[in-house]
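Okay, upload.cif now, which holds mmCIF, C-alpha atoms and all ligand atoms:
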data_coords
#
loop_
_atom_site.label_atom_id
_atom_site.label_comp_id
_atom_site.auth_asym_id
_atom_site.auth_seq_id
_atom_site.Cartn_x
_atom_site.Cartn_y
_atom_site.Cartn_z
CA MET A 1 0.64 -24.36 30.68
CA MET A 2 -1.63 -21.37 31.29
CA ARG A 3 0.07 -18.06 30.57
CA LEU A 4 -0.69 -14.54 31.68
CA PRO A 5 -1.94 -12.33 28.85
CA PRO A 6 -0.03 -9.08 28.20
CA PHE A 7 -0.95 -6.09 30.39
CA THR A 8 0.39 -2.72 31.50
CA TYR A 9 1.42 -2.47 35.15
CA LEU A 10 1.12 0.91 36.86
CA ALA A 11 2.66 1.55 40.28
CA PRO A 12 1.20 4.70 41.86
CA LYS A 13 2.79 6.04 45.06
CA THR A 14 -0.39 7.40 46.65
CA VAL A 15 -3.95 6.19 47.09
CA ALA A 16 -5.24 9.32 45.35
CA ASP A 17 -3.11 8.55 42.28
CA ALA A 18 -4.28 4.94 42.30
CA ALA A 19 -7.93 6.06 42.33
CA ARG A 20 -7.24 8.57 39.57
CA LEU A 21 -5.64 5.87 37.40
CA LEU A 22 -8.59 3.55 37.95
CA ARG A 23 -10.97 6.25 36.76
CA GLU A 24 -8.76 7.12 33.80
CA HIS A 25 -8.61 3.52 32.53
CA GLY A 26 -12.20 2.60 33.41
CA ALA A 27 -13.31 -0.97 32.77
CA ASP A 28 -9.89 -1.90 31.31
CA ALA A 29 -8.21 -1.57 34.72
CA MET A 30 -8.15 -3.62 37.91
CA VAL A 31 -6.40 -3.20 41.26
CA VAL A 32 -3.78 -5.78 42.13
CA ALA A 33 -2.57 -6.31 45.70
CA GLY A 34 -0.68 -9.59 46.31
CA GLY A 35 -2.02 -11.04 43.06
CA THR A 36 -2.58 -14.50 44.54
CA ASP A 37 -6.18 -14.63 43.29
CA LEU A 38 -6.08 -12.09 40.50
CA TYR A 39 -3.16 -13.54 38.48
CA PRO A 40 -4.53 -17.12 38.39
CA ASN A 41 -7.89 -15.67 37.37
CA MET A 42 -6.21 -13.74 34.56
CA LYS A 43 -4.48 -16.93 33.39
CA ARG A 44 -7.89 -18.59 33.18
CA ARG A 45 -9.30 -15.50 31.40
CA GLN A 46 -11.89 -14.98 34.16
CA PHE A 47 -10.47 -11.43 34.41
CA GLU A 48 -9.20 -9.66 31.30
CA PRO A 49 -7.84 -6.29 32.40
CA THR A 50 -5.28 -4.67 30.11
CA VAL A 51 -4.10 -2.35 32.90
CA LEU A 52 -3.22 -3.33 36.45
CA VAL A 53 -2.94 -0.70 39.16
CA GLY A 54 -0.54 -2.19 41.72
CA LEU A 55 -0.82 -1.01 45.32
CA GLY A 56 2.56 -2.40 46.42
CA SER A 57 4.39 0.97 46.31
CA ILE A 58 1.88 2.77 48.55
CA SER A 59 3.48 2.46 51.98
CA GLU A 60 0.53 4.03 53.85
CA LEU A 61 -1.57 0.97 52.94
CA ARG A 62 0.65 -1.45 54.87
CA GLY A 63 0.77 -2.23 58.59
CA VAL A 64 -1.35 -2.42 61.72
CA GLY A 65 -1.82 0.62 63.97
CA GLY A 66 -3.84 1.64 67.04
CA SER A 67 -4.51 -0.48 70.09
CA ALA A 68 -7.15 -2.82 71.46
CA GLY A 69 -8.34 0.01 73.73
CA ARG A 70 -8.83 2.51 70.91
CA GLY A 71 -9.45 0.08 68.08
CA LEU A 72 -7.09 -1.18 65.38
CA SER A 73 -6.41 0.24 61.94
CA ILE A 74 -5.27 -2.40 59.45
CA GLY A 75 -3.79 -1.38 56.13
CA PRO A 76 -5.25 -3.47 53.28
CA MET A 77 -1.76 -4.29 51.95
CA THR A 78 -0.80 -5.97 55.22
CA THR A 79 -0.08 -9.59 54.41
CA LEU A 80 -2.23 -12.34 55.87
CA THR A 81 0.85 -13.71 57.62
CA ALA A 82 1.47 -10.35 59.29
CA VAL A 83 -2.18 -10.07 60.38
CA SER A 84 -2.31 -13.60 61.76
CA GLN A 85 0.94 -13.13 63.70
CA HIS A 86 0.35 -9.59 64.96
CA ALA A 87 0.44 -9.68 68.76
CA ASP A 88 -2.57 -7.37 69.32
CA VAL A 89 -4.68 -9.14 66.71
CA ALA A 90 -3.84 -12.57 68.11
CA ARG A 91 -4.56 -11.52 71.71
CA ASP A 92 -7.58 -9.23 71.30
CA TYR A 93 -9.21 -10.29 68.01
CA PRO A 94 -8.31 -14.00 67.94
CA GLY A 95 -11.03 -14.93 65.44
CA LEU A 96 -9.37 -12.66 62.89
CA ALA A 97 -5.89 -14.06 63.56
CA THR A 98 -7.27 -17.58 63.10
CA ALA A 99 -9.08 -16.74 59.85
CA ALA A 100 -6.07 -14.96 58.33
CA GLY A 101 -3.86 -17.90 59.35
CA LEU A 102 -6.18 -20.41 57.66
CA VAL A 103 -6.24 -18.77 54.21
CA SER A 104 -4.67 -20.97 51.54
CA SER A 105 -0.99 -21.87 52.13
CA PRO A 106 1.98 -20.20 53.91
CA GLN A 107 3.45 -19.00 50.60
CA LEU A 108 0.17 -17.41 49.53
CA ARG A 109 -0.32 -15.84 52.96
CA ASN A 110 3.11 -14.22 52.61
CA MET A 111 2.01 -12.58 49.33
CA GLY A 112 -1.74 -12.35 49.82
CA THR A 113 -3.12 -9.32 51.64
CA ILE A 114 -6.07 -8.77 53.91
CA GLY A 115 -7.48 -6.17 51.49
CA GLY A 116 -7.34 -8.70 48.66
CA ASN A 117 -9.02 -11.23 50.90
CA VAL A 118 -11.86 -8.87 51.75
CA CYS A 119 -12.34 -8.12 48.02
CA VAL A 120 -11.65 -11.63 46.71
CA ASP A 121 -13.85 -12.89 43.86
CA THR A 122 -16.80 -15.19 44.49
CA ARG A 123 -16.36 -18.83 43.48
CA CYS A 124 -18.29 -21.58 41.70
CA ASN A 125 -17.42 -25.01 40.32
CA TYR A 126 -18.55 -23.88 36.86
CA TYR A 127 -16.45 -20.69 36.92
CA ASN A 128 -13.15 -21.53 38.62
CA GLN A 129 -11.96 -23.50 35.62
CA SER A 130 -9.67 -22.96 32.65
CA PHE A 131 -10.91 -21.04 29.62
CA GLU A 132 -11.09 -24.30 27.59
CA TRP A 133 -13.12 -26.07 30.29
CA ARG A 134 -15.60 -23.20 30.48
CA LYS A 135 -15.77 -22.99 26.70
CA ALA A 136 -16.53 -26.71 26.46
CA ILE A 137 -19.67 -26.29 28.58
CA GLY A 138 -20.73 -23.08 26.83
CA PHE A 139 -19.64 -20.65 29.57
CA CYS A 140 -21.99 -19.14 32.19
CA MET A 141 -23.29 -15.68 32.95
CA LYS A 142 -20.49 -14.77 35.37
CA LYS A 143 -18.09 -14.69 32.43
CA ASP A 144 -18.62 -15.00 28.67
CA GLY A 145 -22.03 -16.75 28.83
CA ASP A 146 -25.63 -15.89 29.49
CA ILE A 147 -27.15 -18.56 31.72
CA CYS A 148 -26.45 -19.91 35.18
CA LEU A 149 -25.39 -23.54 34.98
CA VAL A 150 -26.25 -24.24 38.63
CA ALA A 151 -29.73 -22.77 38.44
CA PRO A 152 -30.51 -22.46 34.70
CA GLY A 153 -33.82 -20.61 35.24
CA SER A 154 -32.23 -18.06 37.54
CA PRO A 155 -31.73 -14.45 36.43
CA ARG A 156 -28.75 -14.08 38.78
CA CYS A 157 -25.40 -15.68 39.58
CA TRP A 158 -25.07 -17.64 42.83
CA ALA A 159 -21.27 -17.81 43.04
CA VAL A 160 -20.14 -18.12 46.63
CA SER A 161 -18.41 -15.58 48.86
CA SER A 162 -15.25 -17.50 49.81
CA SER A 163 -13.23 -15.08 51.92
CA ASP A 164 -12.09 -16.36 55.30
CA THR A 165 -11.59 -12.97 56.91
CA ALA A 166 -14.78 -11.24 55.69
CA PRO A 167 -17.20 -13.06 58.05
CA VAL A 168 -14.91 -12.48 61.01
CA LEU A 169 -14.46 -8.78 60.26
CA TRP A 170 -18.25 -8.51 59.93
CA SER A 171 -18.79 -10.29 63.26
CA LEU A 172 -16.31 -7.92 64.93
CA GLY A 173 -18.16 -4.85 63.68
CA ALA A 174 -15.32 -3.69 61.39
CA ARG A 175 -15.67 -0.68 59.12
CA VAL A 176 -13.83 -0.03 55.86
CA ARG A 177 -12.56 3.24 54.41
CA LEU A 178 -12.99 3.50 50.66
CA VAL A 179 -11.11 6.13 48.66
CA GLY A 180 -12.17 7.17 45.17
CA PRO A 181 -11.26 10.00 42.81
CA ASP A 182 -14.08 12.16 44.25
CA GLY A 183 -13.36 11.62 47.94
CA GLU A 184 -13.64 8.99 50.60
CA ARG A 185 -16.28 7.30 52.76
CA THR A 186 -16.24 4.93 55.71
CA VAL A 187 -18.93 2.24 55.89
CA PRO A 188 -19.61 -0.88 57.99
CA ILE A 189 -18.01 -3.85 56.26
CA ALA A 190 -21.49 -5.38 55.98
CA ALA A 191 -22.32 -2.57 53.55
CA LEU A 192 -19.40 -3.56 51.30
CA TYR A 193 -21.10 -6.74 50.11
CA ARG A 194 -24.00 -7.38 47.73
CA ASP A 195 -26.04 -10.56 47.34
CA ASP A 196 -24.95 -11.16 43.76
CA GLY A 197 -22.27 -13.55 42.56
CA ILE A 198 -21.10 -11.16 39.84
CA GLU A 199 -21.42 -7.68 41.37
CA TYR A 200 -20.56 -8.90 44.85
CA LEU A 201 -18.98 -5.66 46.09
CA ALA A 202 -20.99 -2.50 46.77
CA LYS A 203 -18.12 -0.24 45.83
CA ARG A 204 -17.39 1.59 42.63
CA ARG A 205 -14.69 0.20 40.35
CA ASP A 206 -12.52 3.26 40.98
CA GLU A 207 -12.77 3.02 44.77
CA ILE A 208 -9.85 1.54 46.68
CA LEU A 209 -10.20 -0.21 49.99
CA ALA A 210 -7.77 1.98 51.96
CA GLU A 211 -8.24 0.95 55.60
CA ILE A 212 -9.95 -1.64 57.78
CA LEU A 213 -11.03 -0.30 61.16
CA LEU A 214 -11.70 -2.59 64.10
CA PRO A 215 -13.64 -1.21 67.08
CA PRO A 216 -12.10 -1.38 70.58
CA ALA A 217 -11.84 -5.00 71.73
CA ASP A 218 -13.79 -4.01 74.87
CA GLY A 219 -14.29 -7.52 76.22
CA TRP A 220 -15.39 -9.05 72.91
CA GLN A 221 -14.31 -12.64 72.37
CA SER A 222 -14.18 -14.12 68.90
CA VAL A 223 -13.68 -17.43 67.17
CA TYR A 224 -13.56 -18.65 63.55
CA LEU A 225 -14.08 -22.21 62.36
CA LYS A 226 -13.57 -23.34 58.79
CA LEU A 227 -14.78 -26.37 56.89
CA ARG A 228 -12.62 -27.40 53.93
CA ARG A 229 -11.69 -30.68 52.34
CA ARG A 230 -7.91 -30.44 52.62
CA GLY A 231 -6.52 -29.36 55.98
CA SER A 232 -3.30 -28.13 54.37
CA PHE A 233 -4.97 -25.54 52.15
CA ASP A 234 -8.35 -25.03 50.59
CA PHE A 235 -10.99 -22.36 50.24
CA PRO A 236 -13.72 -22.52 52.89
CA VAL A 237 -16.93 -24.33 51.95
CA LEU A 238 -18.26 -23.12 55.28
CA GLY A 239 -16.89 -20.47 57.62
CA VAL A 240 -18.41 -19.70 61.00
CA ALA A 241 -17.44 -16.48 62.78
CA VAL A 242 -18.83 -15.80 66.23
CA ALA A 243 -18.10 -12.73 68.35
CA LEU A 244 -19.70 -12.05 71.71
CA ARG A 245 -19.33 -10.06 74.88
CA HIS A 246 -20.17 -11.37 78.35
CA GLU A 247 -20.94 -9.62 81.62
CA GLY A 248 -20.24 -12.17 84.28
CA HIS A 249 -21.53 -15.36 82.68
CA VAL A 250 -24.34 -13.66 80.80
CA VAL A 251 -24.04 -12.81 77.11
CA ARG A 252 -24.62 -9.09 76.52
CA GLU A 253 -23.97 -8.81 72.77
CA ALA A 254 -23.42 -11.43 70.07
CA ARG A 255 -22.91 -11.73 66.34
CA ILE A 256 -22.79 -14.89 64.25
CA VAL A 257 -21.73 -14.56 60.60
CA LEU A 258 -21.55 -17.44 58.13
CA GLY A 259 -19.11 -17.57 55.25
CA ALA A 260 -19.34 -19.58 52.01
CA VAL A 261 -23.11 -20.15 52.28
CA ALA A 262 -24.21 -17.40 49.87
CA SER A 263 -22.80 -14.74 47.54
CA LEU A 264 -22.02 -12.61 50.58
CA PRO A 265 -21.26 -13.35 54.24
CA ARG A 266 -24.61 -14.11 55.88
CA GLU A 267 -25.39 -12.81 59.38
CA ALA A 268 -27.45 -15.15 61.56
CA THR A 269 -29.09 -12.30 63.43
CA VAL A 270 -31.97 -14.14 65.08
CA ALA A 271 -29.70 -16.87 66.43
CA ALA A 272 -27.32 -14.28 67.89
CA GLN A 273 -30.14 -12.27 69.46
CA GLY A 274 -31.34 -15.43 71.17
CA LEU A 275 -28.06 -15.59 73.08
CA VAL A 276 -28.38 -12.14 74.63
CA GLY A 277 -29.29 -12.25 78.31
CA GLU A 278 -28.51 -15.98 78.47
CA ARG A 279 -25.75 -18.12 79.89
CA LEU A 280 -24.08 -20.33 77.29
CA THR A 281 -25.52 -23.60 78.53
CA PRO A 282 -25.59 -26.67 76.26
CA GLU A 283 -29.34 -26.11 75.71
CA VAL A 284 -28.93 -22.43 74.74
CA ILE A 285 -26.07 -23.35 72.40
CA ALA A 286 -28.07 -26.11 70.71
CA ARG A 287 -31.03 -23.79 70.16
CA ALA A 288 -28.86 -21.01 68.70
CA ALA A 289 -27.07 -23.48 66.41
CA ASP A 290 -30.40 -24.78 65.08
CA ILE A 291 -31.61 -21.28 64.32
CA ALA A 292 -28.27 -20.19 62.81
CA ALA A 293 -28.43 -22.93 60.20
CA GLY A 294 -31.60 -21.31 58.79
CA PRO A 295 -29.92 -18.50 56.79
CA ALA A 296 -27.37 -20.95 55.34
CA LYS A 297 -28.67 -21.84 51.88
CA PRO A 298 -25.71 -23.36 50.07
CA LEU A 299 -26.21 -24.41 46.45
CA ASP A 300 -24.54 -27.34 44.73
CA ASN A 301 -21.70 -25.24 43.29
CA THR A 302 -18.73 -25.75 45.61
CA ASP A 303 -17.00 -28.70 47.22
CA TYR A 304 -19.06 -31.15 49.36
CA ALA A 305 -22.78 -31.76 48.94
CA HIS A 306 -24.86 -28.69 49.73
CA PHE A 307 -27.15 -30.50 52.21
CA TYR A 308 -24.06 -31.68 54.09
CA ARG A 309 -22.69 -28.13 54.23
CA LYS A 310 -26.00 -26.92 55.61
CA ARG A 311 -25.99 -29.64 58.27
CA MET A 312 -22.44 -28.73 59.18
CA THR A 313 -23.49 -25.13 59.80
CA ARG A 314 -25.37 -26.29 62.89
CA VAL A 315 -22.43 -28.40 64.04
CA PHE A 316 -19.89 -25.62 63.54
CA VAL A 317 -21.97 -22.89 65.20
CA ALA A 318 -22.46 -25.14 68.23
CA ARG A 319 -18.76 -25.94 68.25
CA ALA A 320 -17.83 -22.24 68.06
CA LEU A 321 -20.18 -21.33 70.91
CA ARG A 322 -18.92 -24.21 73.03
CA ARG A 323 -15.41 -22.96 72.50
CA LEU A 324 -16.35 -19.45 73.63
CA ALA A 325 -18.14 -20.92 76.66
CA GLY A 326 -15.09 -22.93 77.61
CA LEU A 327 -17.07 -26.15 77.05
CA ASP A 328 -15.20 -27.24 73.96
CA ASP A 329 -13.64 -30.67 73.98
CA GLY A 330 -10.95 -29.54 71.53
CA GLY A 331 -12.36 -31.73 68.74
CA GLY A 332 -11.92 -30.50 65.21
CA ALA A 333 -9.14 -27.97 65.93
CA ASP A 334 -9.51 -24.54 64.34
CA GLU A 335 -10.51 -25.71 60.95
CA GLY A 336 -13.05 -28.12 62.33
CA MET A 337 -12.36 -30.78 59.74
CA ALA A 338 -15.33 -32.94 59.01
C1 LIG A 401 -4.51 -22.21 45.67
C2 LIG A 401 -5.24 -21.06 46.32
C3 LIG A 401 -5.88 -21.26 47.54
C4 LIG A 401 -6.56 -20.21 48.13
N1 LIG A 401 -7.19 -20.43 49.34
C5 LIG A 401 -7.90 -19.43 49.93
C6 LIG A 401 -8.56 -19.65 51.16
O1 LIG A 401 -8.49 -20.72 51.75
N2 LIG A 401 -9.29 -18.65 51.68
C7 LIG A 401 -9.38 -17.43 51.08
O2 LIG A 401 -10.06 -16.54 51.63
N3 LIG A 401 -8.73 -17.16 49.92
C8 LIG A 401 -7.98 -18.13 49.33
N4 LIG A 401 -7.32 -17.90 48.15
C9 LIG A 401 -7.48 -16.61 47.47
C10 LIG A 401 -6.39 -15.56 47.76
O3 LIG A 401 -5.11 -16.15 47.86
C11 LIG A 401 -6.69 -14.80 49.07
O4 LIG A 401 -8.04 -14.43 49.11
C12 LIG A 401 -5.81 -13.56 49.20
O5 LIG A 401 -6.05 -12.95 50.45
C13 LIG A 401 -6.05 -12.52 48.13
O6 LIG A 401 -5.24 -11.40 48.43
P1 LIG A 401 -4.30 -10.75 47.33
O7 LIG A 401 -3.59 -9.64 48.00
O8 LIG A 401 -3.44 -11.76 46.67
O9 LIG A 401 -5.40 -10.20 46.34
P2 LIG A 401 -5.34 -10.01 44.75
O10 LIG A 401 -5.31 -11.35 44.10
O11 LIG A 401 -4.29 -9.04 44.37
O12 LIG A 401 -6.77 -9.33 44.53
C14 LIG A 401 -7.97 -9.99 44.79
C15 LIG A 401 -9.13 -9.09 44.41
O13 LIG A 401 -9.22 -7.99 45.29
C16 LIG A 401 -9.09 -6.74 44.61
N5 LIG A 401 -8.34 -5.88 45.51
C17 LIG A 401 -7.21 -6.23 46.18
N6 LIG A 401 -6.85 -5.25 47.03
C18 LIG A 401 -7.75 -4.25 46.88
C19 LIG A 401 -7.92 -2.97 47.50
N7 LIG A 401 -7.10 -2.52 48.46
N8 LIG A 401 -8.96 -2.20 47.10
C20 LIG A 401 -9.82 -2.65 46.14
N9 LIG A 401 -9.73 -3.86 45.56
C21 LIG A 401 -8.71 -4.65 45.92
C22 LIG A 401 -8.42 -7.08 43.29
O14 LIG A 401 -8.75 -6.15 42.27
C23 LIG A 401 -8.99 -8.47 43.02
O15 LIG A 401 -10.29 -8.33 42.48
C24 LIG A 401 -6.60 -18.92 47.52
C25 LIG A 401 -5.94 -18.73 46.29
C26 LIG A 401 -5.27 -19.78 45.70
C27 LIG A 401 -4.56 -19.54 44.39
S1 LIG A 402 -23.60 -19.57 39.99
FE1 LIG A 402 -24.24 -19.84 37.87
S2 LIG A 402 -23.69 -17.93 36.81
FE2 LIG A 402 -22.63 -17.96 38.76
S3 LIG A 402 -20.61 -18.77 38.32
FE3 LIG A 402 -21.88 -20.51 38.92
S4 LIG A 402 -22.79 -21.31 37.04
FE4 LIG A 402 -21.94 -19.30 36.59
#
Hey, can you dump this file as structure tokens for me?
Amino acid sequence: MMRLPPFTYLAPKTVADAARLLREHGADAMVVAGGTDLYPNMKRRQFEPTVLVGLGSISELRGVGGSAGRGLSIGPMTTLTAVSQHADVARDYPGLATAAGLVSSPQLRNMGTIGGNVCVDTRCNYYNQSFEWRKAIGFCMKKDGDICLVAPGSPRCWAVSSSDTAPVLWSLGARVRLVGPDGERTVPIAALYRDDGIEYLAKRRDEILAEILLPPADGWQSVYLKLRRRGSFDFPVLGVAVALRHEGHVVREARIVLGAVASLPREATVAAQGLVGERLTPEVIARAADIAAGPAKPLDNTDYAHFYRKRMTRVFVARALRRLAGLDDGGGADEGMA
């Protein structure tokens, strides 16, 4: 049985105190939200903090406020269940409700938070293993080793961004408010991510994700499709988030963001631009899906063969666009099982 190592648990009552504690304890400390990813990672010694700063006692970090007309404010400690079942989210930002409702299992969605999902660690077959397993193969540079076992000549880690909600929030134009000991800043969620499997977040260690801000729904439609092996629960090995706004039957704005194809969510900008000014005909959809598969460059370090995952990008983007065009035949349900 894998056991948690000893640690000190701190329970600040305010975000400012939490940020102060993170600075005080430096590299020894980590934030814990629902703990559904962090505690298993600690058991496998992928994370070795001696201090955990728990956000559970900070009431201002929980709940959904605002309206579709003004935009929504989502507290990072809101559970995935609450996000997926929130009436305004489900009606006006359906892609987000779908993604939150497809994360792991019901039990983990009751504990797991949207903030933890946005900040969740990147994944790799050579890393998401017990300490003994990793030791037996000599470790890798993401933890305890010095080479990449997927791409041994590579100077960087290619672990995969595996959050379900991150690509949807990106496609919806969400912003995040980060609070640190020296003040706060609000940035587009796209600016939160870095293309590096180890340092995958562009925030300082002592910054807390304090709010997720969604712009007014303003006619935007959204959809999220997920490829995973087990329909009951599994991390995505491909996530496709599409958000677009029509005027009449013509697309006026569009964003396509791919999850689980790189160390960060990957925006398929050219494909989305090609939709603007067009009607979503089968030909336009097929062309956009072809182009969207371009930025998907999965490596052989998660479930399913990487060339299959790349091929499925085209299939899933087309399926998502068909759904938004009302052309979908219903095949594949939300998770679009292969
Ligand atoms: C069996 C299993 C299946 C899973 N399946 C999926 C899946 O299908 N899709 C998916 O996306 N995830 C999946 N997960 C991962 C995890 O359950 C979810 O990502 C969950 O949303 C994490 O939220 P949490 O509140 O538990 O985060 P925690 O585990 O508490 O934290 C996760 C990370 O985020 C950081 N963090 C949390 N909140 C903040 C904050 N406010 N500010 C700064 N940093 C913060 C923590 O320091 C930690 O690094 C799975 C996990 C397990 C164990
Ligand atoms: S991509 Fe390479 S360095 Fe990163 S976790 Fe996998 S094997 Fe390790």
Residues around (1.0, -14.5, 59.3), cut-off 8 Å, counting only C-alpha atoms - what are they as a list in words?
-> Thr79, Leu80, Thr81, Ala82, Val83, Ser84, Gln85, His86, Ala100, Gly101, Pro106, Arg109 and Asn110 of chain A
For chain A against ligand LIG 402 (chain A), with a cut-off of 12 Å and counting all atoms listed in the file, what is the closest atom pair and its distance in Å to one decimal for every residue that makes the cut, ordered by chain and number, as JSON lines?
{"residue": "A:Gln46", "atom": "CA", "partner": "A:LIG402", "partner_atom": "S3", "distance": 10.4}
{"residue": "A:Asp121", "atom": "CA", "partner": "A:LIG402", "partner_atom": "S3", "distance": 10.5}
{"residue": "A:Thr122", "atom": "CA", "partner": "A:LIG402", "partner_atom": "S3", "distance": 8.1}
{"residue": "A:Arg123", "atom": "CA", "partner": "A:LIG402", "partner_atom": "S3", "distance": 6.7}
{"residue": "A:Cys124", "atom": "CA", "partner": "A:LIG402", "partner_atom": "FE3", "distance": 4.7}
{"residue": "A:Asn125", "atom": "CA", "partner": "A:LIG402", "partner_atom": "FE3", "distance": 6.5}
{"residue": "A:Tyr126", "atom": "CA", "partner": "A:LIG402", "partner_atom": "S4", "distance": 5.0}
{"residue": "A:Tyr127", "atom": "CA", "partner": "A:LIG402", "partner_atom": "S3", "distance": 4.8}
{"residue": "A:Asn128", "atom": "CA", "partner": "A:LIG402", "partner_atom": "S3", "distance": 8.0}
{"residue": "A:Gln129", "atom": "CA", "partner": "A:LIG402", "partner_atom": "S3", "distance": 10.2}
{"residue": "A:Arg134", "atom": "CA", "partner": "A:LIG402", "partner_atom": "FE4", "distance": 9.6}
{"residue": "A:Ile137", "atom": "CA", "partner": "A:LIG402", "partner_atom": "S4", "distance": 10.3}
{"residue": "A:Gly138", "atom": "CA", "partner": "A:LIG402", "partner_atom": "FE4", "distance": 10.5}
{"residue": "A:Phe139", "atom": "CA", "partner": "A:LIG402", "partner_atom": "FE4", "distance": 7.5}
{"residue": "A:Cys140", "atom": "CA", "partner": "A:LIG402", "partner_atom": "FE4", "distance": 4.4}
{"residue": "A:Met141", "atom": "CA", "partner": "A:LIG402", "partner_atom": "S2", "distance": 4.5}
{"residue": "A:Lys142", "atom": "CA", "partner": "A:LIG402", "partner_atom": "S2", "distance": 4.7}
{"residue": "A:Lys143", "atom": "CA", "partner": "A:LIG402", "partner_atom": "FE4", "distance": 7.3}
{"residue": "A:Asp144", "atom": "CA", "partner": "A:LIG402", "partner_atom": "FE4", "distance": 9.6}
{"residue": "A:Gly145", "atom": "CA", "partner": "A:LIG402", "partner_atom": "FE4", "distance": 8.2}
{"residue": "A:Asp146", "atom": "CA", "partner": "A:LIG402", "partner_atom": "S2", "distance": 7.8}
{"residue": "A:Ile147", "atom": "CA", "partner": "A:LIG402", "partner_atom": "S2", "distance": 6.2}
{"residue": "A:Cys148", "atom": "CA", "partner": "A:LIG402", "partner_atom": "FE1", "distance": 3.5}
{"residue": "A:Leu149", "atom": "CA", "partner": "A:LIG402", "partner_atom": "S4", "distance": 4.0}
{"residue": "A:Val150", "atom": "CA", "partner": "A:LIG402", "partner_atom": "S4", "distance": 4.8}
{"residue": "A:Ala151", "atom": "CA", "partner": "A:LIG402", "partner_atom": "FE1", "distance": 6.2}
{"residue": "A:Pro152", "atom": "CA", "partner": "A:LIG402", "partner_atom": "FE1", "distance": 7.5}
{"residue": "A:Gly153", "atom": "CA", "partner": "A:LIG402", "partner_atom": "FE1", "distance": 10.0}
{"residue": "A:Ser154", "atom": "CA", "partner": "A:LIG402", "partner_atom": "FE1", "distance": 8.2}
{"residue": "A:Pro155", "atom": "CA", "partner": "A:LIG402", "partner_atom": "S2", "distance": 8.8}
{"residue": "A:Arg156", "atom": "CA", "partner": "A:LIG402", "partner_atom": "S2", "distance": 6.7}
{"residue": "A:Cys157", "atom": "CA", "partner": "A:LIG402", "partner_atom": "FE2", "distance": 3.7}
{"residue": "A:Trp158", "atom": "CA", "partner": "A:LIG402", "partner_atom": "S1", "distance": 3.7}
{"residue": "A:Ala159", "atom": "CA", "partner": "A:LIG402", "partner_atom": "S1", "distance": 4.2}
{"residue": "A:Val160", "atom": "CA", "partner": "A:LIG402", "partner_atom": "S1", "distance": 7.6}
{"residue": "A:Ser161", "atom": "CA", "partner": "A:LIG402", "partner_atom": "S1", "distance": 11.0}
{"residue": "A:Asp195", "atom": "CA", "partner": "A:LIG402", "partner_atom": "FE2", "distance": 11.8}
{"residue": "A:Asp196", "atom": "CA", "partner": "A:LIG402", "partner_atom": "FE2", "distance": 8.8}
{"residue": "A:Gly197", "atom": "CA", "partner": "A:LIG402", "partner_atom": "FE2", "distance": 5.8}
{"residue": "A:Ile198", "atom": "CA", "partner": "A:LIG402", "partner_atom": "FE2", "distance": 7.1}
{"residue": "A:Glu199", "atom": "CA", "partner": "A:LIG402", "partner_atom": "FE2", "distance": 10.7}
{"residue": "A:Tyr200", "atom": "CA", "partner": "A:LIG402", "partner_atom": "FE2", "distance": 11.1}
{"residue": "A:Ala262", "atom": "CA", "partner": "A:LIG402", "partner_atom": "S1", "distance": 10.1}
{"residue": "A:Ser263", "atom": "CA", "partner": "A:LIG402", "partner_atom": "S1", "distance": 9.0}
{"residue": "A:Pro298", "atom": "CA", "partner": "A:LIG402", "partner_atom": "S1", "distance": 11.0}
{"residue": "A:Leu299", "atom": "CA", "partner": "A:LIG402", "partner_atom": "S1", "distance": 8.5}
{"residue": "A:Asp300", "atom": "CA", "partner": "A:LIG402", "partner_atom": "S1", "distance": 9.2}
{"residue": "A:Asn301", "atom": "CA", "partner": "A:LIG402", "partner_atom": "FE3", "distance": 6.4}
{"residue": "A:Thr302", "atom": "CA", "partner": "A:LIG402", "partner_atom": "FE3", "distance": 9.1}
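Within 12 Å of A:Pro40, once all atoms listed in the file are used and residues closer than 3 positions along the same chain are dropped, the contacting residues are Met1, Met2, Arg3, Leu4, Pro5, Val32, Gly34, Gly35, Thr36, Asp37, Lys43, Arg44, Arg45, Gln46, Phe47, Glu48, Asp121, Asn128, Gln129, Ser130 and Phe131 of chain A.
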Within 7 Å of ligand LIG 401 (chain A), counting all atoms listed in the file: which residues, as a ChimeraX atom specification?
-> /A:30-40,76-77,80,102-105,108-109,111-117,119-121,162-165,207-210,233-236
A:Ala174: which residues within 6 Å, counting only C-alpha atoms, same-chain residues fewer than 3 positions away excluded, as number ranges by chain?
-> A: 169-170, 189, 213-214
Dump of C-alpha atoms for the selected residues, as a compact mmCIF listing (two decimals), in the coordinates of the input:
# COMPACT_ATOMS: atom_id res chain seq x y z
CA LEU A 169 -14.46 -8.78 60.26
CA TRP A 170 -18.25 -8.51 59.93
CA ILE A 189 -18.01 -3.85 56.26
CA LEU A 213 -11.03 -0.30 61.16
CA LEU A 214 -11.70 -2.59 64.10
Here atom CA of A:Leu72 and atom CA of A:Asp92 stand apart by 10.0 Å
Residues at most 6 Å from A:Ala243, counting only C-alpha atoms, excluding those fewer than 4 positions away in the same chain, as a list in words?
->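 Neighbouring residues, sequence-local ones excluded: Ser171, Gln221, Ser222, Ala254 and Arg255 of chain A.
Minimum atom-to-atom distance to A:Arg266, evaluated using all atoms listed in the file, belongs to A:Pro167 out of A:Pro167, A:Gly231, A:Pro215, A:Pro181.
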Counting only C-alpha atoms, what is within 9 Å of A:Ala292, bar same-chain residues fewer than 2 positions away, as a list in words?
-> Ile256, Val257, Leu258, Glu267, Ala268, Thr269, Val270, Ala271, Ala272, Arg287, Ala288, Ala289, Asp290, Gly294, Pro295, Ala296, Thr313, Arg314 and Val317 of chain A
